[in-house]
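> What follows is the file run.cif, containing mmCIF, N, CA and C atoms:
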```cif
data_input
#
loop_
_atom_site.group_PDB
_atom_site.id
_atom_site.type_symbol
_atom_site.label_atom_id
_atom_site.label_comp_id
_atom_site.auth_asym_id
_atom_site.auth_seq_id
_atom_site.Cartn_x
_atom_site.Cartn_y
_atom_site.Cartn_z
ATOM 1 N N MET A 793 6.418 -11.254 -55.372
ATOM 2 C CA MET A 793 5.680 -11.779 -54.237
ATOM 3 C C MET A 793 5.906 -13.278 -54.142
ATOM 4 N N ALA A 794 6.034 -13.738 -52.941
ATOM 5 C CA ALA A 794 6.324 -15.153 -52.702
ATOM 6 C C ALA A 794 5.103 -16.024 -52.991
ATOM 7 N N ASN A 795 5.376 -17.236 -53.395
ATOM 8 C CA ASN A 795 4.304 -18.208 -53.571
ATOM 9 C C ASN A 795 4.056 -18.865 -52.224
ATOM 10 N N TYR A 796 2.864 -18.720 -51.720
ATOM 11 C CA TYR A 796 2.533 -19.277 -50.415
ATOM 12 C C TYR A 796 2.182 -20.748 -50.538
ATOM 13 N N MET A 797 2.647 -21.523 -49.591
ATOM 14 C CA MET A 797 2.349 -22.948 -49.553
ATOM 15 C C MET A 797 1.394 -23.197 -48.397
ATOM 16 N N TYR A 798 0.409 -24.049 -48.637
ATOM 17 C CA TYR A 798 -0.605 -24.334 -47.632
ATOM 18 C C TYR A 798 -0.599 -25.806 -47.278
ATOM 19 N N GLU A 799 -1.067 -26.103 -46.084
ATOM 20 C CA GLU A 799 -1.256 -27.481 -45.628
ATOM 21 C C GLU A 799 -2.699 -27.623 -45.172
ATOM 22 N N GLU A 800 -3.196 -28.840 -45.218
ATOM 23 C CA GLU A 800 -4.524 -29.091 -44.660
ATOM 24 C C GLU A 800 -4.356 -29.701 -43.282
ATOM 25 N N LYS A 801 -4.976 -29.071 -42.308
ATOM 26 C CA LYS A 801 -4.923 -29.550 -40.925
ATOM 27 C C LYS A 801 -6.346 -29.717 -40.422
ATOM 28 N N GLU A 802 -6.475 -30.502 -39.393
ATOM 29 C CA GLU A 802 -7.790 -30.693 -38.792
ATOM 30 C C GLU A 802 -7.953 -29.695 -37.654
ATOM 31 N N GLY A 803 -9.050 -28.934 -37.693
ATOM 32 C CA GLY A 803 -9.312 -27.945 -36.663
ATOM 33 C C GLY A 803 -9.896 -28.569 -35.412
ATOM 34 N N PHE A 804 -10.115 -27.740 -34.390
ATOM 35 C CA PHE A 804 -10.686 -28.223 -33.138
ATOM 36 C C PHE A 804 -12.097 -28.766 -33.321
ATOM 37 N N ASP A 805 -12.762 -28.260 -34.343
ATOM 38 C CA ASP A 805 -14.129 -28.717 -34.604
ATOM 39 C C ASP A 805 -14.170 -29.982 -35.468
ATOM 40 N N GLY A 806 -12.989 -30.510 -35.840
ATOM 41 C CA GLY A 806 -12.922 -31.732 -36.626
ATOM 42 C C GLY A 806 -12.949 -31.498 -38.122
ATOM 43 N N LYS A 807 -13.150 -30.269 -38.557
ATOM 44 C CA LYS A 807 -13.185 -29.956 -39.986
ATOM 45 C C LYS A 807 -11.776 -29.695 -40.498
ATOM 46 N N LYS A 808 -11.569 -29.982 -41.786
ATOM 47 C CA LYS A 808 -10.283 -29.727 -42.422
ATOM 48 C C LYS A 808 -10.144 -28.228 -42.666
ATOM 49 N N LYS A 809 -8.964 -27.698 -42.344
ATOM 50 C CA LYS A 809 -8.669 -26.285 -42.529
ATOM 51 C C LYS A 809 -7.433 -26.151 -43.405
ATOM 52 N N LYS A 810 -7.388 -25.091 -44.194
ATOM 53 C CA LYS A 810 -6.236 -24.791 -45.022
ATOM 54 C C LYS A 810 -5.409 -23.738 -44.284
ATOM 55 N N VAL A 811 -4.169 -24.072 -43.900
ATOM 56 C CA VAL A 811 -3.320 -23.162 -43.138
ATOM 57 C C VAL A 811 -1.991 -22.961 -43.868
ATOM 58 N N LEU A 812 -1.370 -21.822 -43.608
ATOM 59 C CA LEU A 812 -0.067 -21.543 -44.204
ATOM 60 C C LEU A 812 0.992 -22.470 -43.631
ATOM 61 N N SER A 813 1.869 -22.954 -44.487
ATOM 62 C CA SER A 813 3.021 -23.702 -44.005
ATOM 63 C C SER A 813 4.205 -22.743 -43.964
ATOM 64 N N GLY A 814 5.398 -23.241 -43.814
ATOM 65 C CA GLY A 814 6.572 -22.383 -43.699
ATOM 66 C C GLY A 814 6.692 -21.408 -44.851
ATOM 67 N N THR A 815 6.710 -20.126 -44.545
ATOM 68 C CA THR A 815 6.825 -19.111 -45.594
ATOM 69 C C THR A 815 8.000 -18.204 -45.270
ATOM 70 N N PHE A 816 9.167 -18.623 -45.647
ATOM 71 C CA PHE A 816 10.368 -17.833 -45.416
ATOM 72 C C PHE A 816 11.253 -17.952 -46.635
ATOM 73 N N ASP A 817 12.121 -16.979 -46.797
ATOM 74 C CA ASP A 817 13.060 -16.988 -47.909
ATOM 75 C C ASP A 817 14.333 -17.697 -47.483
ATOM 76 N N GLU A 818 14.823 -18.549 -48.328
ATOM 77 C CA GLU A 818 16.050 -19.279 -48.047
ATOM 78 C C GLU A 818 17.239 -18.326 -48.056
ATOM 79 N N GLY A 819 18.293 -18.687 -47.325
ATOM 80 C CA GLY A 819 19.529 -17.930 -47.374
ATOM 81 C C GLY A 819 19.672 -16.948 -46.242
ATOM 82 N N LYS A 820 20.667 -16.103 -46.354
ATOM 83 C CA LYS A 820 20.967 -15.110 -45.336
ATOM 84 C C LYS A 820 20.710 -13.712 -45.898
ATOM 85 N N PRO A 821 20.416 -12.744 -45.033
ATOM 86 C CA PRO A 821 20.203 -11.389 -45.515
ATOM 87 C C PRO A 821 21.486 -10.786 -46.089
ATOM 88 N N ASP A 822 21.328 -9.853 -47.023
ATOM 89 C CA ASP A 822 22.473 -9.202 -47.640
ATOM 90 C C ASP A 822 23.150 -8.235 -46.678
ATOM 91 N N THR A 823 22.338 -7.528 -45.889
ATOM 92 C CA THR A 823 22.887 -6.539 -44.967
ATOM 93 C C THR A 823 22.425 -6.860 -43.551
ATOM 94 N N ARG A 824 23.133 -6.291 -42.601
ATOM 95 C CA ARG A 824 22.791 -6.486 -41.198
ATOM 96 C C ARG A 824 21.613 -5.588 -40.841
ATOM 97 N N TYR A 825 20.664 -6.098 -40.083
ATOM 98 C CA TYR A 825 19.502 -5.312 -39.653
ATOM 99 C C TYR A 825 19.845 -4.581 -38.366
ATOM 100 N N ASP A 826 19.665 -3.274 -38.363
ATOM 101 C CA ASP A 826 19.943 -2.470 -37.186
ATOM 102 C C ASP A 826 18.629 -1.927 -36.649
ATOM 103 N N TRP A 827 18.168 -2.478 -35.529
ATOM 104 C CA TRP A 827 16.870 -2.084 -34.969
ATOM 105 C C TRP A 827 16.870 -0.620 -34.551
ATOM 106 N N LYS A 828 18.026 -0.044 -34.261
ATOM 107 C CA LYS A 828 18.092 1.341 -33.808
ATOM 108 C C LYS A 828 17.706 2.331 -34.909
ATOM 109 N N GLU A 829 17.825 1.915 -36.175
ATOM 110 C CA GLU A 829 17.471 2.809 -37.280
ATOM 111 C C GLU A 829 15.978 3.119 -37.301
ATOM 112 N N LYS A 830 15.161 2.213 -36.792
ATOM 113 C CA LYS A 830 13.714 2.429 -36.778
ATOM 114 C C LYS A 830 13.298 3.468 -35.744
ATOM 115 N N LEU A 831 14.125 3.658 -34.715
ATOM 116 C CA LEU A 831 13.797 4.559 -33.627
ATOM 117 C C LEU A 831 14.614 5.835 -33.786
ATOM 118 N N ALA A 832 13.923 6.955 -33.989
ATOM 119 C CA ALA A 832 14.592 8.198 -34.357
ATOM 120 C C ALA A 832 15.325 8.860 -33.188
ATOM 121 N N THR A 833 14.700 8.904 -32.022
ATOM 122 C CA THR A 833 15.293 9.657 -30.930
ATOM 123 C C THR A 833 15.787 8.737 -29.822
ATOM 124 N N ARG A 834 16.604 9.298 -28.963
ATOM 125 C CA ARG A 834 17.129 8.552 -27.822
ATOM 126 C C ARG A 834 15.997 8.099 -26.909
ATOM 127 N N GLU A 835 15.002 8.966 -26.716
ATOM 128 C CA GLU A 835 13.866 8.636 -25.852
ATOM 129 C C GLU A 835 13.090 7.430 -26.391
ATOM 130 N N GLU A 836 12.920 7.375 -27.714
ATOM 131 C CA GLU A 836 12.223 6.230 -28.320
ATOM 132 C C GLU A 836 13.000 4.938 -28.085
ATOM 133 N N ARG A 837 14.321 5.002 -28.188
ATOM 134 C CA ARG A 837 15.143 3.811 -27.961
ATOM 135 C C ARG A 837 15.045 3.339 -26.513
ATOM 136 N N ILE A 838 15.108 4.283 -25.581
ATOM 137 C CA ILE A 838 15.018 3.927 -24.166
ATOM 138 C C ILE A 838 13.650 3.330 -23.858
ATOM 139 N N LYS A 839 12.596 3.920 -24.392
ATOM 140 C CA LYS A 839 11.239 3.400 -24.177
ATOM 141 C C LYS A 839 11.125 1.973 -24.725
ATOM 142 N N TYR A 840 11.677 1.748 -25.920
ATOM 143 C CA TYR A 840 11.648 0.417 -26.529
ATOM 144 C C TYR A 840 12.362 -0.598 -25.642
ATOM 145 N N LEU A 841 13.545 -0.243 -25.168
ATOM 146 C CA LEU A 841 14.316 -1.172 -24.344
ATOM 147 C C LEU A 841 13.629 -1.442 -23.014
ATOM 148 N N LYS A 842 13.078 -0.412 -22.397
ATOM 149 C CA LYS A 842 12.376 -0.613 -21.127
ATOM 150 C C LYS A 842 11.181 -1.539 -21.308
ATOM 151 N N THR A 843 10.456 -1.361 -22.395
ATOM 152 C CA THR A 843 9.303 -2.212 -22.666
ATOM 153 C C THR A 843 9.747 -3.643 -22.949
ATOM 154 N N ALA A 844 10.784 -3.800 -23.767
ATOM 155 C CA ALA A 844 11.245 -5.132 -24.152
ATOM 156 C C ALA A 844 11.845 -5.891 -22.973
ATOM 157 N N LEU A 845 12.524 -5.186 -22.078
ATOM 158 C CA LEU A 845 13.218 -5.850 -20.981
ATOM 159 C C LEU A 845 12.423 -5.863 -19.684
ATOM 160 N N ARG A 846 11.233 -5.279 -19.710
ATOM 161 C CA ARG A 846 10.418 -5.208 -18.491
ATOM 162 C C ARG A 846 10.155 -6.594 -17.920
ATOM 163 N N TYR A 847 9.871 -7.539 -18.754
ATOM 164 C CA TYR A 847 9.549 -8.895 -18.300
ATOM 165 C C TYR A 847 10.688 -9.487 -17.481
ATOM 166 N N TRP A 848 11.924 -9.231 -17.895
ATOM 167 C CA TRP A 848 13.071 -9.853 -17.242
ATOM 168 C C TRP A 848 13.546 -9.100 -16.008
ATOM 169 N N TYR A 849 13.430 -7.771 -16.007
ATOM 170 C CA TYR A 849 14.071 -6.983 -14.966
ATOM 171 C C TYR A 849 13.113 -6.227 -14.062
ATOM 172 N N SER A 850 11.887 -6.640 -13.983
ATOM 173 C CA SER A 850 10.964 -5.939 -13.094
ATOM 174 C C SER A 850 10.212 -6.940 -12.233
ATOM 175 N N ASN A 851 9.385 -6.418 -11.359
ATOM 176 C CA ASN A 851 8.559 -7.264 -10.511
ATOM 177 C C ASN A 851 7.195 -7.521 -11.132
ATOM 178 N N GLU A 852 6.999 -7.067 -12.363
ATOM 179 C CA GLU A 852 5.725 -7.280 -13.051
ATOM 180 C C GLU A 852 5.761 -8.642 -13.737
ATOM 181 N N TRP A 853 4.976 -9.570 -13.243
ATOM 182 C CA TRP A 853 4.897 -10.897 -13.843
ATOM 183 C C TRP A 853 3.440 -11.191 -14.157
ATOM 184 N N TYR A 854 3.211 -11.948 -15.202
ATOM 185 C CA TYR A 854 1.851 -12.235 -15.641
ATOM 186 C C TYR A 854 1.686 -13.737 -15.852
ATOM 187 N N GLY A 855 0.454 -14.150 -15.835
ATOM 188 C CA GLY A 855 0.122 -15.532 -16.187
ATOM 189 C C GLY A 855 0.678 -16.554 -15.225
ATOM 190 N N SER A 856 1.222 -17.635 -15.754
ATOM 191 C CA SER A 856 1.668 -18.760 -14.925
ATOM 192 C C SER A 856 2.839 -18.380 -14.037
ATOM 193 N N GLU A 857 3.668 -17.411 -14.459
ATOM 194 C CA GLU A 857 4.797 -17.008 -13.629
ATOM 195 C C GLU A 857 4.307 -16.425 -12.313
ATOM 196 N N LYS A 858 3.216 -15.674 -12.362
ATOM 197 C CA LYS A 858 2.652 -15.071 -11.146
ATOM 198 C C LYS A 858 2.178 -16.173 -10.193
ATOM 199 N N ASN A 859 1.560 -17.206 -10.753
ATOM 200 C CA ASN A 859 1.065 -18.306 -9.929
ATOM 201 C C ASN A 859 2.208 -19.098 -9.311
ATOM 202 N N LYS A 860 3.314 -19.265 -10.022
ATOM 203 C CA LYS A 860 4.449 -20.013 -9.507
ATOM 204 C C LYS A 860 5.062 -19.317 -8.293
ATOM 205 N N GLN A 861 4.947 -17.996 -8.243
ATOM 206 C CA GLN A 861 5.537 -17.250 -7.149
ATOM 207 C C GLN A 861 4.569 -17.094 -5.982
ATOM 208 N N GLY A 862 3.413 -17.691 -6.094
ATOM 209 C CA GLY A 862 2.442 -17.612 -5.015
ATOM 210 C C GLY A 862 1.688 -16.296 -4.969
ATOM 211 N N GLY A 863 1.645 -15.589 -6.137
ATOM 212 C CA GLY A 863 1.006 -14.272 -6.196
ATOM 213 C C GLY A 863 -0.407 -14.264 -6.577
#
```
Show me, as C-alpha coordinates, the structure contained in the file I just sent.

Amino acid sequence: MANYMYEEKEGFDGKKKKVLSGTFDEGKPDTRYDWKEKLATREERIKYLKTALRYWYSNEWYGSEKNKQGG
(Lines of atoms letter the chains of each structure in order from A and count residues from 1; the text may use other names and numbers.)
(Lines give C-alpha, C1' and ligand atoms only; values in the text may rest on other atoms or scores of the structure.)
Protein backbone atom coordinates (compact mmCIF):
# COMPACT_ATOMS: atom_id res chain seq x y z
CA MET A 1 0.00 0.00 0.00
CA ALA A 2 1.23 3.44 -0.88
CA ASN A 3 2.28 5.96 1.71
CA TYR A 4 -0.11 8.87 1.43
CA MET A 5 1.23 12.39 1.64
CA TYR A 6 -0.88 15.18 3.07
CA GLU A 7 -0.80 18.97 2.90
CA GLU A 8 -2.38 21.52 5.18
CA LYS A 9 -4.68 23.92 3.37
CA GLU A 10 -7.02 26.60 4.57
CA GLY A 11 -10.69 25.77 4.10
CA PHE A 12 -13.51 28.12 3.16
CA ASP A 13 -14.28 28.53 6.83
CA GLY A 14 -10.71 29.71 7.54
CA LYS A 15 -9.73 26.56 9.44
CA LYS A 16 -6.70 24.47 8.54
CA LYS A 17 -7.58 21.21 6.78
CA LYS A 18 -5.45 18.15 6.08
CA VAL A 19 -5.85 17.14 2.40
CA LEU A 20 -4.22 14.53 0.19
CA SER A 21 -1.42 15.74 -2.04
CA GLY A 22 -0.31 14.03 -5.24
CA THR A 23 -0.76 10.28 -4.84
CA PHE A 24 0.45 8.54 -7.96
CA ASP A 25 3.07 5.96 -8.76
CA GLU A 26 6.09 7.12 -10.69
CA GLY A 27 6.91 5.59 -14.06
CA LYS A 28 4.94 3.99 -16.84
CA PRO A 29 2.60 0.99 -16.71
CA ASP A 30 4.03 -2.42 -17.61
CA THR A 31 1.16 -3.32 -19.93
CA ARG A 32 -1.26 -1.39 -22.07
CA TYR A 33 -4.72 -0.84 -20.56
CA ASP A 34 -7.54 -2.01 -22.80
CA TRP A 35 -10.87 -0.50 -21.73
CA LYS A 36 -12.75 -3.00 -23.92
CA GLU A 37 -11.74 -5.88 -21.61
CA LYS A 38 -13.97 -4.48 -18.87
CA LEU A 39 -17.04 -4.62 -21.12
CA ALA A 40 -18.10 -8.18 -21.89
CA THR A 41 -20.62 -7.77 -24.69
CA ARG A 42 -20.91 -5.65 -27.80
CA GLU A 43 -24.03 -3.98 -26.38
CA GLU A 44 -22.13 -2.91 -23.25
CA ARG A 45 -19.39 -1.37 -25.40
CA ILE A 46 -21.88 0.53 -27.55
CA LYS A 47 -23.73 1.79 -24.46
CA TYR A 48 -20.43 2.95 -22.94
CA LEU A 49 -19.42 4.81 -26.09
CA LYS A 50 -22.82 6.44 -26.53
CA THR A 51 -22.74 7.64 -22.93
CA ALA A 52 -19.14 8.86 -23.14
CA LEU A 53 -19.60 10.66 -26.46
CA ARG A 54 -23.08 12.03 -25.80
CA TYR A 55 -21.70 15.37 -24.65
CA TRP A 56 -19.84 15.93 -27.92
CA TYR A 57 -22.24 14.52 -30.50
CA SER A 58 -25.73 15.31 -29.30
CA ASN A 59 -27.99 18.27 -28.70
CA GLU A 60 -28.01 17.59 -24.95
CA TRP A 61 -26.03 20.36 -23.26
CA TYR A 62 -25.91 21.20 -19.58
CA GLY A 63 -24.77 24.03 -17.37
CA SER A 64 -22.94 27.01 -18.83
CA GLU A 65 -22.92 25.54 -22.35
CA LYS A 66 -26.72 25.70 -22.41
CA ASN A 67 -26.63 29.35 -21.36
CA LYS A 68 -24.05 30.24 -24.03
CA GLN A 69 -26.39 28.93 -26.71
CA GLY A 70 -29.28 31.02 -25.45
CA GLY A 71 -31.16 27.96 -24.14
> Apply the PyMOL selection byres (((chain A and resi 807-824 and name CA) around 9) and name CA) to the structure shown and report the selected residues as a list in words.
Ala794, Asn795, Tyr796, Met797, Tyr798, Glu799, Glu800, Lys801, Glu802, Gly803, Phe804, Asp805, Gly806, Tyr825 and Asp826 of chain A
> In Å, with one decimal, what is the gap from atom CA of Ala844 of chain A to atom CA of Trp827 of chain A?
12.6 Å
> Could you jot down the atom N of Leu831 of chain A to atom C of Leu845 of chain A separation for me, Å, one decimal place?
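These atoms are spaced 17.9 Å apart.
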> For atom C of Lys830 of chain A and atom C of Arg846 of chain A, quote the distance in Å rounded to one decimal.
20.7 Å
> Box along x, y and z, 5 Å on every side, all listed atoms of segment 836-842 of chain A inside: centre and edge lengths in Å to one decimal, as JSON.

```
{"center_x": 13.1, "center_y": 2.9, "center_z": -24.7, "size_x": 14.0, "size_y": 18.9, "size_z": 17.2}
```
> Will you give me segment 822-853 of chain A, written with N, CA and C atoms and laid out as a PDB file, in the first residue's frame?

```pdb
ATOM      1  N   ASP A 822       3.349  -1.305 -16.961  1.00  0.00           N
ATOM      2  CA  ASP A 822       4.030  -2.415 -17.609  1.00  0.00           C
ATOM      3  C   ASP A 822       3.293  -2.865 -18.864  1.00  0.00           C
ATOM      4  N   THR A 823       1.960  -2.862 -18.794  1.00  0.00           N
ATOM      5  CA  THR A 823       1.164  -3.324 -19.926  1.00  0.00           C
ATOM      6  C   THR A 823       0.195  -2.223 -20.342  1.00  0.00           C
ATOM      7  N   ARG A 824      -0.301  -2.357 -21.552  1.00  0.00           N
ATOM      8  CA  ARG A 824      -1.261  -1.394 -22.074  1.00  0.00           C
ATOM      9  C   ARG A 824      -2.637  -1.693 -21.490  1.00  0.00           C
ATOM     10  N   TYR A 825      -3.370  -0.670 -21.103  1.00  0.00           N
ATOM     11  CA  TYR A 825      -4.722  -0.841 -20.556  1.00  0.00           C
ATOM     12  C   TYR A 825      -5.722  -0.854 -21.700  1.00  0.00           C
ATOM     13  N   ASP A 826      -6.532  -1.894 -21.763  1.00  0.00           N
ATOM     14  CA  ASP A 826      -7.541  -2.010 -22.802  1.00  0.00           C
ATOM     15  C   ASP A 826      -8.914  -1.891 -22.160  1.00  0.00           C
ATOM     16  N   TRP A 827      -9.573  -0.754 -22.366  1.00  0.00           N
ATOM     17  CA  TRP A 827     -10.870  -0.504 -21.727  1.00  0.00           C
ATOM     18  C   TRP A 827     -11.921  -1.498 -22.201  1.00  0.00           C
ATOM     19  N   LYS A 828     -11.757  -2.079 -23.379  1.00  0.00           N
ATOM     20  CA  LYS A 828     -12.750  -3.004 -23.916  1.00  0.00           C
ATOM     21  C   LYS A 828     -12.819  -4.307 -23.117  1.00  0.00           C
ATOM     22  N   GLU A 829     -11.740  -4.645 -22.403  1.00  0.00           N
ATOM     23  CA  GLU A 829     -11.737  -5.878 -21.612  1.00  0.00           C
ATOM     24  C   GLU A 829     -12.738  -5.816 -20.463  1.00  0.00           C
ATOM     25  N   LYS A 830     -13.028  -4.623 -19.972  1.00  0.00           N
ATOM     26  CA  LYS A 830     -13.974  -4.476 -18.865  1.00  0.00           C
ATOM     27  C   LYS A 830     -15.414  -4.708 -19.306  1.00  0.00           C
ATOM     28  N   LEU A 831     -15.687  -4.515 -20.597  1.00  0.00           N
ATOM     29  CA  LEU A 831     -17.037  -4.623 -21.118  1.00  0.00           C
ATOM     30  C   LEU A 831     -17.164  -5.941 -21.872  1.00  0.00           C
ATOM     31  N   ALA A 832     -18.035  -6.820 -21.381  1.00  0.00           N
ATOM     32  CA  ALA A 832     -18.099  -8.185 -21.890  1.00  0.00           C
ATOM     33  C   ALA A 832     -18.768  -8.289 -23.262  1.00  0.00           C
ATOM     34  N   THR A 833     -19.871  -7.584 -23.458  1.00  0.00           N
ATOM     35  CA  THR A 833     -20.620  -7.771 -24.689  1.00  0.00           C
ATOM     36  C   THR A 833     -20.531  -6.546 -25.589  1.00  0.00           C
ATOM     37  N   ARG A 834     -20.905  -6.745 -26.830  1.00  0.00           N
ATOM     38  CA  ARG A 834     -20.914  -5.653 -27.800  1.00  0.00           C
ATOM     39  C   ARG A 834     -21.878  -4.556 -27.367  1.00  0.00           C
ATOM     40  N   GLU A 835     -23.031  -4.954 -26.827  1.00  0.00           N
ATOM     41  CA  GLU A 835     -24.034  -3.983 -26.382  1.00  0.00           C
ATOM     42  C   GLU A 835     -23.487  -3.095 -25.260  1.00  0.00           C
ATOM     43  N   GLU A 836     -22.731  -3.697 -24.339  1.00  0.00           N
ATOM     44  CA  GLU A 836     -22.131  -2.911 -23.250  1.00  0.00           C
ATOM     45  C   GLU A 836     -21.139  -1.892 -23.803  1.00  0.00           C
ATOM     46  N   ARG A 837     -20.359  -2.289 -24.800  1.00  0.00           N
ATOM     47  CA  ARG A 837     -19.391  -1.368 -25.400  1.00  0.00           C
ATOM     48  C   ARG A 837     -20.092  -0.206 -26.099  1.00  0.00           C
ATOM     49  N   ILE A 838     -21.145  -0.519 -26.845  1.00  0.00           N
ATOM     50  CA  ILE A 838     -21.883   0.528 -27.549  1.00  0.00           C
ATOM     51  C   ILE A 838     -22.528   1.482 -26.551  1.00  0.00           C
ATOM     52  N   LYS A 839     -23.112   0.950 -25.493  1.00  0.00           N
ATOM     53  CA  LYS A 839     -23.735   1.791 -24.461  1.00  0.00           C
ATOM     54  C   LYS A 839     -22.687   2.712 -23.825  1.00  0.00           C
ATOM     55  N   TYR A 840     -21.510   2.158 -23.526  1.00  0.00           N
ATOM     56  CA  TYR A 840     -20.429   2.948 -22.935  1.00  0.00           C
ATOM     57  C   TYR A 840     -20.027   4.089 -23.865  1.00  0.00           C
ATOM     58  N   LEU A 841     -19.843   3.781 -25.138  1.00  0.00           N
ATOM     59  CA  LEU A 841     -19.416   4.806 -26.089  1.00  0.00           C
ATOM     60  C   LEU A 841     -20.486   5.869 -26.283  1.00  0.00           C
ATOM     61  N   LYS A 842     -21.739   5.458 -26.370  1.00  0.00           N
ATOM     62  CA  LYS A 842     -22.817   6.437 -26.528  1.00  0.00           C
ATOM     63  C   LYS A 842     -22.882   7.372 -25.328  1.00  0.00           C
ATOM     64  N   THR A 843     -22.713   6.822 -24.142  1.00  0.00           N
ATOM     65  CA  THR A 843     -22.739   7.638 -22.933  1.00  0.00           C
ATOM     66  C   THR A 843     -21.538   8.578 -22.895  1.00  0.00           C
ATOM     67  N   ALA A 844     -20.357   8.055 -23.213  1.00  0.00           N
ATOM     68  CA  ALA A 844     -19.136   8.856 -23.144  1.00  0.00           C
ATOM     69  C   ALA A 844     -19.118   9.961 -24.194  1.00  0.00           C
ATOM     70  N   LEU A 845     -19.670   9.692 -25.370  1.00  0.00           N
ATOM     71  CA  LEU A 845     -19.600  10.656 -26.462  1.00  0.00           C
ATOM     72  C   LEU A 845     -20.850  11.513 -26.591  1.00  0.00           C
ATOM     73  N   ARG A 846     -21.824  11.280 -25.722  1.00  0.00           N
ATOM     74  CA  ARG A 846     -23.082  12.031 -25.804  1.00  0.00           C
ATOM     75  C   ARG A 846     -22.838  13.531 -25.713  1.00  0.00           C
ATOM     76  N   TYR A 847     -21.970  13.943 -24.850  1.00  0.00           N
ATOM     77  CA  TYR A 847     -21.702  15.370 -24.649  1.00  0.00           C
ATOM     78  C   TYR A 847     -21.245  16.032 -25.942  1.00  0.00           C
ATOM     79  N   TRP A 848     -20.425  15.334 -26.718  1.00  0.00           N
ATOM     80  CA  TRP A 848     -19.844  15.934 -27.916  1.00  0.00           C
ATOM     81  C   TRP A 848     -20.749  15.845 -29.136  1.00  0.00           C
ATOM     82  N   TYR A 849     -21.533  14.773 -29.253  1.00  0.00           N
ATOM     83  CA  TYR A 849     -22.242  14.519 -30.497  1.00  0.00           C
ATOM     84  C   TYR A 849     -23.756  14.573 -30.387  1.00  0.00           C
ATOM     85  N   SER A 850     -24.278  15.225 -29.395  1.00  0.00           N
ATOM     86  CA  SER A 850     -25.732  15.310 -29.295  1.00  0.00           C
ATOM     87  C   SER A 850     -26.154  16.749 -29.048  1.00  0.00           C
ATOM     88  N   ASN A 851     -27.447  16.952 -28.986  1.00  0.00           N
ATOM     89  CA  ASN A 851     -27.986  18.272 -28.697  1.00  0.00           C
ATOM     90  C   ASN A 851     -28.235  18.463 -27.210  1.00  0.00           C
ATOM     91  N   GLU A 852     -27.826  17.494 -26.401  1.00  0.00           N
ATOM     92  CA  GLU A 852     -28.005  17.595 -24.952  1.00  0.00           C
ATOM     93  C   GLU A 852     -26.822  18.358 -24.365  1.00  0.00           C
ATOM     94  N   TRP A 853     -27.073  19.554 -23.886  1.00  0.00           N
ATOM     95  CA  TRP A 853     -26.028  20.357 -23.263  1.00  0.00           C
ATOM     96  C   TRP A 853     -26.501  20.759 -21.876  1.00  0.00           C
TER      97      TRP A 853
END
```
